[in-house]
Amino acid sequence: MKSTVLKILAFSGVIVSCSPAHTLFVKNNTKERIEFFVELKEKAPIGDLLICKELVPDEKLDHKPFMEYSKEGKCYQQKITAINKTSYKFNLPENYTVNIVPNSSVYPFGNIYYYIGDKKCFINVENGTECRQKVNKLPSLVSITEILE
């Protein structure tokens, strides 16, 4: 009985530790820098953002190809500005792509948004005509939102 319980606990630990992380990319296809606000569901250690020049093609937006893009010298690390324990903000230059962090759970984000005038536009959500976005969910746990002009 004791060994069965231990096996079940060990197996459930493997399942939890192997749960895939959701990866979220945002592309700024406008002619101006956009300030983004990221609210997390819970406190998470946040390091730097990886921001890459040019709008990385959707088919290349996955962990490994994005890192290869970085190795080519087309990316830079940007420190984030913490607002509180569960949120931060950053600026995304025009025609750049960012990998929103953290990528540590199935979907760790509460809200991710930016403003167009007084309108709050949410990432990965249908927002209406003022917030021109194209949302693409790849077959894996990868989502891409492109901010359009």
# chains A, B, ... in the order shown; residues from 1 in each chain; ligands from 1
call {"tool": "residues_around", "arguments": {"residues": "Phe109 of chain A", "least_positions_apart": "5", "cutoff": "7 Å", "atoms": "only C-alpha atoms", "output": "PyMOL selection string"}}
result
chain A and resi 39-41
call {"tool": "select_by_dssp", "arguments": {"residues": "segment 43-133 of chain A", "states": "helix (DSSP H, G or I)", "output": "list in words"}}
result
Asp58, Glu59, Lys60, His63, Lys64, Pro65, Phe66, Met67, Glu68, Tyr69, Ser70, Lys71, Glu72, Gly73 and Lys74 of chain A
call {"tool": "closest_residue", "arguments": {"among": "A:Asn124, A:Arg33, A:Leu24, A:Tyr76", "to": "Leu49 of chain A", "atoms": "only C-alpha atoms"}}
result
A:Tyr76
call {"tool": "select_by_dssp", "arguments": {"residues": "chain A", "states": "strand (DSSP E or B)", "output": "VMD selection string"}}
result
chain A and resid 23 to 28 34 to 40 48 to 53 75 to 79 81 to 84 87 to 92 96 to 100 109 to 116 119 to 122 133 to 137 142 to 147
call {"tool": "write_last_selection", "arguments": {"atoms": "C-alpha atoms", "output": "CSV table (one decimal), in the first residue's frame"}}
result
chain,number,residue,atom,x,y,z
A,23,THR,CA,5.0,30.9,-25.2
A,24,LEU,CA,3.5,34.3,-26.2
A,25,PHE,CA,5.0,36.5,-28.8
A,26,VAL,CA,3.9,40.0,-29.7
A,27,LYS,CA,4.9,41.8,-32.9
A,28,ASN,CA,4.7,45.6,-33.3
A,34,ILE,CA,4.2,50.8,-27.9
A,35,GLU,CA,4.2,50.6,-24.1
A,36,PHE,CA,2.9,47.2,-22.9
A,37,PHE,CA,1.6,46.3,-19.4
A,38,VAL,CA,1.8,42.6,-18.2
A,39,GLU,CA,-0.2,41.4,-15.2
A,40,LEU,CA,0.6,37.9,-14.0
A,48,ASP,CA,14.9,40.3,-19.1
A,49,LEU,CA,12.8,40.3,-22.2
A,50,LEU,CA,14.3,39.1,-25.5
A,51,ILE,CA,13.4,41.6,-28.2
A,52,CYS,CA,14.3,40.9,-31.9
A,53,LYS,CA,14.6,43.2,-34.8
A,75,CYS,CA,18.0,40.5,-30.8
A,76,TYR,CA,18.8,42.4,-27.5
A,77,GLN,CA,17.9,41.9,-23.8
A,78,GLN,CA,15.7,44.6,-22.2
A,79,LYS,CA,15.2,45.0,-18.5
A,81,THR,CA,10.1,47.8,-15.2
A,82,ALA,CA,8.3,46.2,-12.3
A,83,ILE,CA,5.0,47.9,-11.3
A,84,ASN,CA,4.4,45.6,-8.4
A,87,SER,CA,3.0,43.1,-13.0
A,88,TYR,CA,5.5,44.9,-15.2
A,89,LYS,CA,5.7,47.2,-18.2
A,90,PHE,CA,8.1,47.5,-21.2
A,91,ASN,CA,8.4,49.4,-24.5
A,92,LEU,CA,8.4,47.5,-27.8
A,96,TYR,CA,10.2,44.4,-33.4
A,97,THR,CA,9.0,41.1,-32.0
A,98,VAL,CA,9.1,40.2,-28.2
A,99,ASN,CA,8.9,36.9,-26.3
A,100,ILE,CA,6.6,37.9,-23.3
A,109,PHE,CA,-0.7,35.8,-17.6
A,110,GLY,CA,-3.7,37.7,-16.2
A,111,ASN,CA,-3.8,40.5,-18.7
A,112,ILE,CA,-1.5,42.0,-21.2
A,113,TYR,CA,-2.5,45.3,-22.8
A,114,TYR,CA,-1.5,48.6,-24.3
A,115,TYR,CA,-3.3,51.8,-25.1
A,116,ILE,CA,-4.4,53.4,-28.4
A,119,LYS,CA,-8.7,52.6,-25.6
A,120,LYS,CA,-7.2,49.7,-23.6
A,121,CYS,CA,-6.3,46.9,-26.1
A,122,PHE,CA,-5.7,43.4,-24.7
A,133,GLN,CA,-4.5,42.9,-34.2
A,134,LYS,CA,-3.9,39.6,-35.9
A,135,VAL,CA,-3.9,36.6,-33.5
A,136,ASN,CA,-2.3,33.4,-34.6
A,137,LYS,CA,-2.3,30.3,-32.3
A,142,VAL,CA,2.6,29.2,-28.9
A,143,SER,CA,0.5,32.3,-29.5
A,144,ILE,CA,1.4,35.2,-31.6
A,145,THR,CA,-0.3,38.6,-31.6
A,146,GLU,CA,0.6,41.1,-34.3
A,147,ILE,CA,-0.3,44.8,-33.7
call {"tool": "atom_distance", "arguments": {"atom1": "atom CA of Tyr107 of chain A", "atom2": "atom CA of Asn29 of chain A"}}
result
24.2 Å
call {"tool": "atom_distance", "arguments": {"atom1": "atom CA of Thr129 of chain A", "atom2": "atom CA of Glu54 of chain A"}}
result
24.9 Å
call {"tool": "decode", "arguments": {"residues": "segment 50-92 of chain A", "atoms": "C-alpha atoms", "output": "PDB file, in the first residue's frame"}}
result
ATOM      1  CA  LEU A  50      14.258  39.125 -25.486  1.00  0.00           C
ATOM      2  CA  ILE A  51      13.351  41.603 -28.236  1.00  0.00           C
ATOM      3  CA  CYS A  52      14.272  40.900 -31.857  1.00  0.00           C
ATOM      4  CA  LYS A  53      14.633  43.250 -34.807  1.00  0.00           C
ATOM      5  CA  GLU A  54      12.210  42.853 -37.643  1.00  0.00           C
ATOM      6  CA  LEU A  55       8.929  40.994 -37.534  1.00  0.00           C
ATOM      7  CA  VAL A  56       9.996  37.389 -37.117  1.00  0.00           C
ATOM      8  CA  PRO A  57       7.853  35.197 -39.446  1.00  0.00           C
ATOM      9  CA  ASP A  58       5.146  33.260 -37.580  1.00  0.00           C
ATOM     10  CA  GLU A  59       6.515  29.892 -38.691  1.00  0.00           C
ATOM     11  CA  LYS A  60       9.861  30.746 -37.025  1.00  0.00           C
ATOM     12  CA  LEU A  61       8.315  31.793 -33.723  1.00  0.00           C
ATOM     13  CA  ASP A  62       9.039  28.930 -31.441  1.00  0.00           C
ATOM     14  CA  HIS A  63      11.667  28.687 -28.724  1.00  0.00           C
ATOM     15  CA  LYS A  64      14.507  27.244 -30.797  1.00  0.00           C
ATOM     16  CA  PRO A  65      14.123  29.323 -33.988  1.00  0.00           C
ATOM     17  CA  PHE A  66      13.668  32.497 -31.921  1.00  0.00           C
ATOM     18  CA  MET A  67      16.891  31.714 -30.068  1.00  0.00           C
ATOM     19  CA  GLU A  68      18.645  31.087 -33.408  1.00  0.00           C
ATOM     20  CA  TYR A  69      17.450  34.529 -34.499  1.00  0.00           C
ATOM     21  CA  SER A  70      19.047  35.841 -31.317  1.00  0.00           C
ATOM     22  CA  LYS A  71      22.348  34.084 -32.109  1.00  0.00           C
ATOM     23  CA  GLU A  72      22.408  35.895 -35.450  1.00  0.00           C
ATOM     24  CA  GLY A  73      22.747  39.163 -33.518  1.00  0.00           C
ATOM     25  CA  LYS A  74      19.254  40.391 -34.371  1.00  0.00           C
ATOM     26  CA  CYS A  75      18.049  40.549 -30.757  1.00  0.00           C
ATOM     27  CA  TYR A  76      18.786  42.357 -27.523  1.00  0.00           C
ATOM     28  CA  GLN A  77      17.892  41.924 -23.849  1.00  0.00           C
ATOM     29  CA  GLN A  78      15.700  44.585 -22.249  1.00  0.00           C
ATOM     30  CA  LYS A  79      15.242  44.996 -18.506  1.00  0.00           C
ATOM     31  CA  ILE A  80      11.642  45.180 -17.415  1.00  0.00           C
ATOM     32  CA  THR A  81      10.139  47.831 -15.176  1.00  0.00           C
ATOM     33  CA  ALA A  82       8.280  46.241 -12.267  1.00  0.00           C
ATOM     34  CA  ILE A  83       5.015  47.930 -11.307  1.00  0.00           C
ATOM     35  CA  ASN A  84       4.385  45.612  -8.354  1.00  0.00           C
ATOM     36  CA  LYS A  85       4.992  41.943  -7.418  1.00  0.00           C
ATOM     37  CA  THR A  86       2.739  40.591 -10.165  1.00  0.00           C
ATOM     38  CA  SER A  87       3.021  43.110 -12.994  1.00  0.00           C
ATOM     39  CA  TYR A  88       5.548  44.896 -15.166  1.00  0.00           C
ATOM     40  CA  LYS A  89       5.738  47.156 -18.221  1.00  0.00           C
ATOM     41  CA  PHE A  90       8.068  47.537 -21.189  1.00  0.00           C
ATOM     42  CA  ASN A  91       8.369  49.383 -24.493  1.00  0.00           C
ATOM     43  CA  LEU A  92       8.393  47.525 -27.798  1.00  0.00           C
TER      44      LEU A  92
END
